[in-house]
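**Student:** My structure is stored as structure_21.pdb, with PDB, C-alpha atoms and all ligand atoms.
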```
ATOM      1  CA  MET U   1      19.587 -11.743  -7.233
ATOM      2  CA  SER U   2      18.787 -14.370  -4.669
ATOM      3  CA  SER U   3      19.816 -17.985  -4.935
ATOM      4  CA  ARG U   4      16.486 -19.103  -3.492
ATOM      5  CA  SER U   5      14.606 -21.587  -5.603
ATOM      6  CA  PRO U   6      11.771 -20.002  -7.535
ATOM      7  CA  ALA U   7       8.127 -20.385  -6.547
ATOM      8  CA  PRO U   8       6.222 -23.210  -8.236
ATOM      9  CA  SER U   9       4.962 -22.158 -11.637
ATOM     10  CA  GLU U  10       1.332 -22.969 -10.800
ATOM     11  CA  ASP U  11       1.502 -20.596  -7.831
ATOM     12  CA  MET U  12       2.991 -17.872  -9.984
ATOM     13  CA  ALA U  13       0.375 -18.364 -12.699
ATOM     14  CA  ARG U  14      -2.364 -17.931 -10.094
ATOM     15  CA  LEU U  15      -0.787 -14.726  -8.789
ATOM     16  CA  ARG U  16      -0.261 -13.330 -12.280
ATOM     17  CA  ALA U  17      -3.914 -14.008 -13.122
ATOM     18  CA  ALA U  18      -5.037 -12.302  -9.905
ATOM     19  CA  ILE U  19      -3.067  -9.126 -10.661
ATOM     20  CA  VAL U  20      -4.371  -9.060 -14.243
ATOM     21  CA  ALA U  21      -7.930  -9.319 -12.851
ATOM     22  CA  ALA U  22      -7.223  -6.593 -10.310
ATOM     23  CA  GLY U  23      -6.012  -4.228 -13.017
ATOM     24  CA  ARG U  24      -9.182  -4.811 -15.021
ATOM     25  CA  ARG U  25     -11.253  -4.176 -11.911
ATOM     26  CA  LEU U  26      -9.557  -0.818 -11.269
ATOM     27  CA  GLY U  27     -10.170   0.162 -14.881
ATOM     28  CA  ALA U  28     -13.817  -0.956 -14.853
ATOM     29  CA  ARG U  29     -14.450   1.283 -11.850
ATOM     30  CA  GLY U  30     -12.835   4.335 -13.407
ATOM     31  CA  LEU U  31     -10.038   4.432 -10.862
ATOM     32  CA  ILE U  32      -7.101   4.430 -13.294
ATOM     33  CA  ALA U  33      -6.265   6.135 -16.577
ATOM     34  CA  ALA U  34      -3.441   5.692 -19.073
ATOM     35  CA  GLY U  35      -0.547   3.917 -17.311
ATOM     36  CA  GLU U  36      -1.589   4.905 -13.776
ATOM     37  CA  GLY U  37      -1.605   2.619 -10.792
ATOM     38  CA  ASN U  38       0.449  -0.337  -9.692
ATOM     39  CA  ILE U  39      -0.218  -3.644  -7.968
ATOM     40  CA  SER U  40       2.131  -6.154  -6.375
ATOM     41  CA  VAL U  41       1.965  -9.366  -4.399
ATOM     42  CA  ARG U  42       4.473 -11.225  -2.249
ATOM     43  CA  THR U  43       5.388 -14.517  -3.903
ATOM     44  CA  PRO U  44       5.802 -17.785  -1.988
ATOM     45  CA  ASP U  45       9.606 -17.427  -2.255
ATOM     46  CA  GLN U  46       9.476 -13.921  -0.733
ATOM     47  CA  ARG U  47      10.009 -11.981  -3.921
ATOM     48  CA  LEU U  48       7.554  -9.495  -5.383
ATOM     49  CA  LEU U  49       5.419  -9.886  -8.476
ATOM     50  CA  ILE U  50       4.666  -6.350  -9.675
ATOM     51  CA  THR U  51       3.123  -4.516 -12.593
ATOM     52  CA  ALA U  52       5.346  -2.861 -15.177
ATOM     53  CA  THR U  53       5.627   0.872 -15.651
ATOM     54  CA  GLY U  54       3.931   2.571 -18.557
ATOM     55  CA  LEU U  55       1.403  -0.141 -19.375
ATOM     56  CA  ARG U  56      -2.355   0.204 -18.951
ATOM     57  CA  LYS U  57      -3.239  -1.825 -15.874
ATOM     58  CA  ASP U  58      -6.662  -2.695 -17.273
ATOM     59  CA  GLU U  59      -5.123  -4.286 -20.369
ATOM     60  CA  LEU U  60      -2.392  -6.385 -18.780
ATOM     61  CA  ALA U  61      -1.392  -9.857 -19.874
ATOM     62  CA  PRO U  62       0.192 -12.273 -17.390
ATOM     63  CA  ALA U  63       3.583 -11.809 -19.056
ATOM     64  CA  ASP U  64       3.458  -8.045 -18.399
ATOM     65  CA  LEU U  65       4.383  -8.582 -14.739
ATOM     66  CA  LEU U  66       7.865  -8.756 -13.287
ATOM     67  CA  VAL U  67       9.423 -10.694 -10.432
ATOM     68  CA  VAL U  68      11.761  -8.497  -8.401
ATOM     69  CA  ASP U  69      13.666  -8.791  -5.180
ATOM     70  CA  ALA U  70      11.597  -7.724  -2.174
ATOM     71  CA  ARG U  71      14.217  -5.375  -0.769
ATOM     72  CA  ALA U  72      16.348  -4.080  -3.586
ATOM     73  CA  GLY U  73      18.385  -5.260  -6.500
ATOM     74  CA  GLU U  74      17.605  -6.149 -10.029
ATOM     75  CA  ALA U  75      14.522  -7.551 -11.582
ATOM     76  CA  ALA U  76      14.588 -11.131 -12.670
ATOM     77  CA  PRO U  77      14.797 -11.358 -16.459
ATOM     78  CA  PRO U  78      11.322 -10.416 -17.736
ATOM     79  CA  SER U  79       9.656 -12.274 -20.543
ATOM     80  CA  ASP U  80       9.861  -9.020 -22.494
ATOM     81  CA  PRO U  81      13.201  -7.276 -21.894
ATOM     82  CA  GLY U  82      11.583  -3.965 -22.785
ATOM     83  CA  ILE U  83       9.425  -3.751 -19.650
ATOM     84  CA  ARG U  84      10.553  -2.268 -16.350
ATOM     85  CA  PRO U  85       8.941  -2.489 -12.892
ATOM     86  CA  SER U  86       6.630   0.218 -11.608
ATOM     87  CA  SER U  87       8.234   3.583 -10.932
ATOM     88  CA  ASP U  88       6.558   3.380  -7.503
ATOM     89  CA  ILE U  89       8.413   0.188  -6.627
ATOM     90  CA  ALA U  90      10.091   1.927  -3.673
ATOM     91  CA  ILE U  91       6.646   2.308  -2.050
ATOM     92  CA  HIS U  92       5.936  -1.393  -2.409
ATOM     93  CA  ARG U  93       9.332  -2.463  -1.068
ATOM     94  CA  ALA U  94       9.102  -0.090   1.900
ATOM     95  CA  ILE U  95       5.649  -1.384   2.867
ATOM     96  CA  TYR U  96       6.594  -5.061   2.595
ATOM     97  CA  ALA U  97       9.694  -4.418   4.703
ATOM     98  CA  ALA U  98       7.696  -2.567   7.359
ATOM     99  CA  ARG U  99       4.675  -4.900   7.423
ATOM    100  CA  PRO U 100       5.784  -8.558   7.261
ATOM    101  CA  ASN U 101       2.178  -9.783   7.230
ATOM    102  CA  VAL U 102       1.222  -7.722   4.176
ATOM    103  CA  LEU U 103       0.916  -9.906   1.084
ATOM    104  CA  ALA U 104      -0.366  -7.378  -1.473
ATOM    105  CA  VAL U 105      -0.070  -3.663  -2.193
ATOM    106  CA  ALA U 106      -2.153  -1.576  -4.598
ATOM    107  CA  HIS U 107      -1.852   2.080  -5.520
ATOM    108  CA  ALA U 108      -4.091   4.236  -7.720
ATOM    109  CA  HIS U 109      -4.566   7.917  -8.459
ATOM    110  CA  LEU U 110      -8.123   7.904  -7.117
ATOM    111  CA  PRO U 111      -9.864  10.924  -8.692
ATOM    112  CA  ALA U 112     -12.001  12.059  -5.739
ATOM    113  CA  ALA U 113      -9.139  11.452  -3.306
ATOM    114  CA  MET U 114      -6.868  13.653  -5.405
ATOM    115  CA  ALA U 115      -9.528  16.364  -5.697
ATOM    116  CA  LEU U 116     -10.230  16.474  -1.967
ATOM    117  CA  THR U 117      -6.598  16.632  -0.937
ATOM    118  CA  LEU U 118      -5.887  19.184  -3.654
ATOM    119  CA  ALA U 119      -8.529  21.306  -1.944
ATOM    120  CA  GLY U 120      -6.923  20.723   1.444
ATOM    121  CA  GLU U 121      -9.653  18.389   2.724
ATOM    122  CA  VAL U 122      -8.914  15.154   4.599
ATOM    123  CA  PRO U 123     -11.923  12.867   5.138
ATOM    124  CA  ASP U 124     -12.467  10.962   8.360
ATOM    125  CA  PRO U 125     -13.477   7.298   7.843
ATOM    126  CA  ALA U 126     -15.129   7.237  11.266
ATOM    127  CA  PHE U 127     -18.047   9.250   9.843
ATOM    128  CA  LEU U 128     -19.371   6.500   7.573
ATOM    129  CA  PRO U 129     -20.520   3.115   8.887
ATOM    130  CA  GLU U 130     -18.680   0.965   6.342
ATOM    131  CA  THR U 131     -15.340   2.754   6.456
ATOM    132  CA  ALA U 132     -15.542   3.064  10.244
ATOM    133  CA  VAL U 133     -15.430  -0.720  10.405
ATOM    134  CA  LEU U 134     -13.291  -1.637   7.398
ATOM    135  CA  LEU U 135     -10.917   1.360   7.374
ATOM    136  CA  PRO U 136     -10.874   2.479  10.992
ATOM    137  CA  SER U 137      -7.863   4.677  10.352
ATOM    138  CA  LEU U 138      -6.764   6.387   7.160
ATOM    139  CA  PRO U 139      -3.473   8.211   7.696
ATOM    140  CA  PHE U 140      -2.734  11.225   5.518
ATOM    141  CA  VAL U 141       0.675  11.454   3.851
ATOM    142  CA  PRO U 142       1.790  14.946   2.774
ATOM    143  CA  TYR U 143       2.938  15.391  -0.800
ATOM    144  CA  ALA U 144       6.368  14.116  -1.814
ATOM    145  CA  ALA U 145       7.759  13.471  -5.270
ATOM    146  CA  ALA U 146       6.370  10.364  -6.951
ATOM    147  CA  GLY U 147       8.906   7.562  -7.057
ATOM    148  CA  SER U 148      11.047   9.072  -4.306
ATOM    149  CA  GLU U 149      12.465   7.207  -1.333
ATOM    150  CA  GLU U 150      11.097  10.040   0.822
ATOM    151  CA  LEU U 151       7.538   9.253  -0.239
ATOM    152  CA  ALA U 152       8.082   5.517   0.212
ATOM    153  CA  ALA U 153       9.415   5.999   3.735
ATOM    154  CA  ALA U 154       6.564   8.318   4.692
ATOM    155  CA  ILE U 155       3.937   5.831   3.467
ATOM    156  CA  ALA U 156       5.589   2.915   5.272
ATOM    157  CA  ALA U 157       5.732   4.993   8.456
ATOM    158  CA  ALA U 158       2.060   5.957   8.126
ATOM    159  CA  LEU U 159       1.031   2.331   7.652
ATOM    160  CA  THR U 160       2.928   1.180  10.735
ATOM    161  CA  HIS U 161       1.844   3.987  13.040
ATOM    162  CA  GLY U 162      -0.548   3.382  15.901
ATOM    163  CA  GLN U 163      -1.977   0.315  17.526
ATOM    164  CA  ALA U 164      -3.392  -2.821  15.967
ATOM    165  CA  PRO U 165      -5.134  -3.139  13.692
ATOM    166  CA  LEU U 166      -2.629  -1.165  11.653
ATOM    167  CA  PRO U 167      -4.028   0.968   8.812
ATOM    168  CA  GLY U 168      -5.231  -0.812   5.693
ATOM    169  CA  ALA U 169      -4.659   2.226   3.495
ATOM    170  CA  ALA U 170      -3.058   5.651   3.406
ATOM    171  CA  LEU U 171      -4.336   8.778   1.690
ATOM    172  CA  LEU U 172      -1.661  10.563  -0.351
ATOM    173  CA  GLU U 173      -1.871  14.291  -0.868
ATOM    174  CA  ARG U 174      -2.672  14.918  -4.584
ATOM    175  CA  HIS U 175      -1.636  11.341  -5.355
ATOM    176  CA  GLY U 176      -4.554   9.035  -4.560
ATOM    177  CA  ALA U 177      -4.055   6.240  -2.090
ATOM    178  CA  VAL U 178      -2.078   3.116  -1.273
ATOM    179  CA  ALA U 179      -3.795   0.078   0.212
ATOM    180  CA  VAL U 180      -2.527  -3.215   1.544
ATOM    181  CA  GLY U 181      -3.956  -6.699   1.962
ATOM    182  CA  GLU U 182      -3.019  -9.372   4.447
ATOM    183  CA  GLY U 183      -5.201 -12.100   2.996
ATOM    184  CA  ALA U 184      -5.914 -13.658   6.383
ATOM    185  CA  SER U 185      -9.340 -14.916   7.345
ATOM    186  CA  HIS U 186     -10.597 -16.829  10.346
ATOM    187  CA  GLY U 187      -7.269 -18.336  11.258
ATOM    188  CA  ALA U 188      -6.734 -19.938   7.850
ATOM    189  CA  ALA U 189      -3.390 -19.618   6.102
ATOM    190  CA  ALA U 190      -2.991 -16.195   4.509
ATOM    191  CA  ASP U 191      -3.827 -16.237   0.819
ATOM    192  CA  PRO U 192      -2.010 -13.792  -1.474
ATOM    193  CA  VAL U 193      -4.874 -13.775  -3.991
ATOM    194  CA  ALA U 194      -7.315 -12.828  -1.227
ATOM    195  CA  ALA U 195      -4.811 -10.166  -0.172
ATOM    196  CA  ILE U 196      -4.902  -8.591  -3.641
ATOM    197  CA  ARG U 197      -8.695  -8.423  -3.523
ATOM    198  CA  GLU U 198      -8.557  -6.993  -0.008
ATOM    199  CA  ALA U 199      -6.156  -4.251  -1.088
ATOM    200  CA  LEU U 200      -8.495  -3.329  -3.958
ATOM    201  CA  ASP U 201     -11.521  -3.343  -1.643
ATOM    202  CA  ARG U 202      -9.714  -0.867   0.555
ATOM    203  CA  LEU U 203      -8.715   1.355  -2.377
ATOM    204  CA  GLU U 204     -12.345   1.431  -3.485
ATOM    205  CA  LEU U 205     -13.513   2.262   0.032
ATOM    206  CA  VAL U 206     -11.098   5.197   0.173
ATOM    207  CA  GLU U 207     -12.582   6.514  -3.059
ATOM    208  CA  VAL U 208     -16.173   6.001  -1.853
ATOM    209  CA  LEU U 209     -15.318   7.882   1.334
ATOM    210  CA  CYS U 210     -13.743  10.707  -0.656
ATOM    211  CA  ARG U 211     -16.636  10.944  -3.112
ATOM    212  CA  THR U 212     -19.124  11.030  -0.266
ATOM    213  CA  TRP U 213     -17.085  13.624   1.609
ATOM    214  CA  ARG U 214     -16.771  15.744  -1.531
ATOM    215  CA  ASP U 215     -20.490  15.511  -2.299
ATOM    216  CA  ALA U 216     -21.405  16.406   1.283
ATOM    217  CA  LEU U 217     -19.183  19.472   1.088
ATOM    218  CA  LEU U 218     -20.686  20.489  -2.242
ATOM    219  CA  VAL U 219     -24.261  20.029  -1.023
ATOM    220  CA  GLN U 220     -23.437  21.882   2.150
ATOM    221  CA  ALA U 221     -21.860  24.730   0.217
ATOM    222  CA  ALA U 222     -24.708  24.924  -2.251
ATOM    223  CA  ALA U 223     -27.320  24.793   0.498
ATOM    224  CA  THR U 224     -25.556  27.484   2.448
ATOM    225  CA  GLY U 225     -25.299  29.655  -0.638
ATOM    226  CA  LEU U 226     -29.008  29.297  -1.404
ATOM    227  CA  GLY U 227     -30.159  29.876   2.151
ATOM    228  CA  ALA U 228     -31.038  26.245   2.721
ATOM    229  CA  ARG U 229     -32.753  26.733   6.046
ATOM    230  CA  ALA U 230     -35.390  28.952   4.456
ATOM    231  CA  ILE U 231     -35.790  26.641   1.475
ATOM    232  CA  LEU U 232     -36.108  23.399   3.427
ATOM    233  CA  ARG U 233     -38.175  24.703   6.326
ATOM    234  CA  PRO U 234     -40.137  27.768   5.236
ATOM    235  CA  PRO U 235     -41.268  29.277   8.526
ATOM    236  CA  SER U 236     -44.472  30.888   7.305
ATOM    237  CA  ALA U 237     -45.622  29.138   4.134
ATOM    238  CA  SER U 238     -48.323  26.528   4.609
ATOM    239  CA  PRO U 239     -48.053  23.131   2.906
ATOM    240  CA  GLY U 240     -49.265  23.261  -0.670
ATOM    241  CA  SER U 241     -49.050  27.014  -0.994
ATOM    242  CA  PRO U 242     -47.529  28.285  -4.252
ATOM    243  CA  ALA U 243     -44.566  29.680  -2.353
ATOM    244  CA  SER U 244     -43.610  26.450  -0.589
ATOM    245  CA  GLY U 245     -44.192  24.359  -3.716
ATOM    246  CA  ARG U 246     -41.931  26.532  -5.733
ATOM    247  CA  ARG U 247     -39.289  26.383  -3.075
ATOM    248  CA  ARG U 248     -39.446  22.615  -2.763
ATOM    249  CA  SER U 249     -38.724  22.231  -6.448
ATOM    250  CA  HIS U 250     -35.240  23.560  -5.801
ATOM    251  CA  THR U 251     -34.342  21.008  -3.160
TER     252      THR U 251
HETATM  253 ZN    ZN X 301       1.306   7.152  -8.233
END
```
If you took the structure in this file and wrote it as structure tokens, what would it be?
**Tutor:**
Amino acid sequence: MSSRSPAPSEDMARLRAAIVAAGRRLGARGLIAAGEGNISVRTPDQRLLITATGLRKDELAPADLLVVDARAGEAAPPSDPGIRPSSDIAIHRAIYAARPNVLAVAHAHLPAAMALTLAGEVPDPAFLPETAVLLPSLPFVPYAAAGSEELAAAIAAALTHGQAPLPGAALLERHGAVAVGEGASHGAAADPVAAIREALDRLELVEVLCRTWRDALLVQAAATGLGARAILRPPSASPGSPASGRRRSHT
């Protein structure tokens, strides 16, 4: 453990409250189940405050979070000795090491993202106006075992690839997504609480993109299967005829 002096308690209380709120937000939006998901933030003394493994993230209390070293090593003594840091802690450490300006990391098993990648589909954020601006790139990370150093290294590499602005999130094959937050706005000092919210915004945008992509594929498939061109634009039926009315009811 480091000999650095700990962050002021009021700062830590604010960060703990922000992670507790973030966990509730993920739960309220149906983005986590059981003990899924993990959230961390860089503390003022350059450690990490991170969720514990096995606990519901939408039912966290401030004491359910752990302070750990940012690079490796042991967790600081938790308030409850029975809790351990997230099993995905290697992902968080790898990202913070690779992206010094990142102040928060959030990961969730986003249902639509898992479904799409399970089906071999990778959505392109450039196709939707909001994600084109707020998630201009969404790198895809092929499947690797959860909790492995291999997965952590691949995610960190994906989030540092390319030119600025670097990606705000990465899509994980069959494993949801990881998003980061920098917490910077208009030249003001970066705020770790804003960074947590930013990471969650990005996670939610990934899921919106994936839901939209999935729905478009389903509609497209259904329309193709039903002969959509004939249904939507009947070439011979006149408006109001029984045939066209019946057909419109299926659209
Ligand atoms: Zn996971």
**Student:** All residues within 7 Å of ligand ZN 301 (chain X) are required, counting only C-alpha atoms and all ligand atoms; please report them as a VMD selection string.
**Tutor:** chain U and resid 36 to 37 88 107 to 109 146 175
**Student:** Using Å and a single decimal, report how far CA of Met12 (chain U) sits from CA of Ile32 (chain U).
**Tutor:**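 Calculated distance between CA of Ile32 (chain U) and CA of Met12 (chain U) is 24.7 Å.
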**Student:** Can you tell me how far CA of Pro44 (chain U) sits from CA of Leu103 (chain U), in Å to one decimal?
**Tutor:**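 Rounded to one decimal, the two atoms are 9.8 Å apart.
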**Student:** Return the single residue from U:Arg211, U:Ile95, U:Pro139, U:Ser148 that is closest to Ala177 (chain U), with distances computed using only C-alpha atoms.
**Tutor:** U:Pro139
**Student:** Just say which residues the PyMOL selection byres (((chain U and resi 99) around 12) and not hetatm) picks in this file, as a CSV table (one decimal) with C-alpha atoms, in the frame of the given file.
**Tutor:**
```csv
chain,number,residue,atom,x,y,z
U,42,ARG,CA,4.5,-11.2,-2.2
U,92,HIS,CA,5.9,-1.4,-2.4
U,93,ARG,CA,9.3,-2.5,-1.1
U,94,ALA,CA,9.1,-0.1,1.9
U,95,ILE,CA,5.6,-1.4,2.9
U,96,TYR,CA,6.6,-5.1,2.6
U,97,ALA,CA,9.7,-4.4,4.7
U,98,ALA,CA,7.7,-2.6,7.4
U,100,PRO,CA,5.8,-8.6,7.3
U,101,ASN,CA,2.2,-9.8,7.2
U,102,VAL,CA,1.2,-7.7,4.2
U,103,LEU,CA,0.9,-9.9,1.1
U,104,ALA,CA,-0.4,-7.4,-1.5
U,105,VAL,CA,-0.1,-3.7,-2.2
U,155,ILE,CA,3.9,5.8,3.5
U,156,ALA,CA,5.6,2.9,5.3
U,157,ALA,CA,5.7,5.0,8.5
U,158,ALA,CA,2.1,6.0,8.1
U,159,LEU,CA,1.0,2.3,7.7
U,160,THR,CA,2.9,1.2,10.7
U,161,HIS,CA,1.8,4.0,13.0
U,164,ALA,CA,-3.4,-2.8,16.0
U,165,PRO,CA,-5.1,-3.1,13.7
U,166,LEU,CA,-2.6,-1.2,11.7
U,167,PRO,CA,-4.0,1.0,8.8
U,168,GLY,CA,-5.2,-0.8,5.7
U,180,VAL,CA,-2.5,-3.2,1.5
U,181,GLY,CA,-4.0,-6.7,2.0
U,182,GLU,CA,-3.0,-9.4,4.4
```
**Student:** Skipping near chain neighbours, those fewer than 5 positions away, what residues fall within 12 Å of Gly82 (chain U) using all atoms listed in the file, listed as a VMD selection string?
**Tutor:** chain U and resid 52 to 55 63 to 66 77
**Student:** Kindly provide, as a CSV table (one decimal) with C-alpha atoms, in the frame of the given file, the polymer residues lying within 8 Å of (-3.9, 13.1, -4.4), counting only C-alpha atoms and using the coordinates exactly as they appear in the file.
**Tutor:**
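Writing the result to part13.csv gives the following:
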```csv
chain,number,residue,atom,x,y,z
U,109,HIS,CA,-4.6,7.9,-8.5
U,110,LEU,CA,-8.1,7.9,-7.1
U,111,PRO,CA,-9.9,10.9,-8.7
U,113,ALA,CA,-9.1,11.5,-3.3
U,114,MET,CA,-6.9,13.7,-5.4
U,115,ALA,CA,-9.5,16.4,-5.7
U,116,LEU,CA,-10.2,16.5,-2.0
U,117,THR,CA,-6.6,16.6,-0.9
U,118,LEU,CA,-5.9,19.2,-3.7
U,171,LEU,CA,-4.3,8.8,1.7
U,172,LEU,CA,-1.7,10.6,-0.4
U,173,GLU,CA,-1.9,14.3,-0.9
U,174,ARG,CA,-2.7,14.9,-4.6
U,175,HIS,CA,-1.6,11.3,-5.4
U,176,GLY,CA,-4.6,9.0,-4.6
U,177,ALA,CA,-4.1,6.2,-2.1
```
**Student:** Restricting the calculation to all atoms listed in the file: of U:Ala222, U:Ala154, U:Ala21, U:Val193, which residue gets closest to Ala170 (chain U)?
**Tutor:** U:Ala154
**Student:** Determine, counting all atoms listed in the file, which protein, DNA and RNA residues have an atom within 10 Å of an atom of Pro125 (chain U); residues of the same chain fewer than 4 positions away are not included. Present the result as a PyMOL selection string.
**Tutor:** chain U and resi 129-138+205-206+209-210+213
**Student:** Using all atoms listed in the file, find the one residue out of U:Gln220, U:Ile196, U:Ala152, U:Ala70 that sits nearest to Val20 (chain U).
**Tutor:** U:Ile196
**Student:** Nearest to Ala179 (chain U): which of U:Arg29, U:Arg47, U:Arg202, U:Arg197 is it, counting all atoms listed in the file?
**Tutor:** U:Arg202
**Student:** Just to confirm, what's the straight-line distance from CA of Leu60 (chain U) to CA of Gly27 (chain U) in Å (one decimal)?
**Tutor:** 10.9 Å
**Student:** Leaving out Asp11 (chain U) and any residue of its chain fewer than 2 positions from it, which residues lie within 12 Å of it when counting all atoms listed in the file, given as a ChimeraX atom specification?
**Tutor:** /U:6-9,13-18,41-45,49,191-193
**Student:** Tell me, as a PyMOL selection string, which residues lie within 6 Å of Ala106 (chain U), counting only C-alpha atoms; anything in the same chain fewer than 3 positions away does not count.
**Tutor:** chain U and resi 38-39+178-179+199
**Student:** What does the file look like for those residues with C-alpha atoms, as a compact mmCIF listing (two decimals), keeping the file's coordinate frame?
**Tutor:**
```
# COMPACT_ATOMS: atom_id res chain seq x y z
CA ASN U 38 0.45 -0.34 -9.69
CA ILE U 39 -0.22 -3.64 -7.97
CA VAL U 178 -2.08 3.12 -1.27
CA ALA U 179 -3.80 0.08 0.21
CA ALA U 199 -6.16 -4.25 -1.09
```
**Student:** Padding 8 Å on every side, please: axis-aligned box over the listed atoms of region 26-39 of chain U, centre and edge lengths to one decimal in Å, as lines of an AutoDock Vina configuration file.
**Tutor:**
```
center_x = -7.0
center_y = 1.2
center_z = -13.5
size_x = 30.9
size_y = 25.8
size_z = 27.1
```
**Student:** Given all atoms listed in the file as the basis, pick out the residue of U:Gly30, U:Gly225, U:Pro85, U:Gly23 nearest to Lys57 (chain U).
**Tutor:**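 Answer, going by the shortest atom-to-atom distance: U:Gly23.
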**Student:** When distances are computed from all atoms listed in the file, which of U:Arg56, U:Glu204, U:Tyr143, U:Ala119 shows the smallest separation from Ala34 (chain U)?
**Tutor:**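 Counting all atoms listed in the file, the residue closest to Ala34 (chain U) is U:Arg56.
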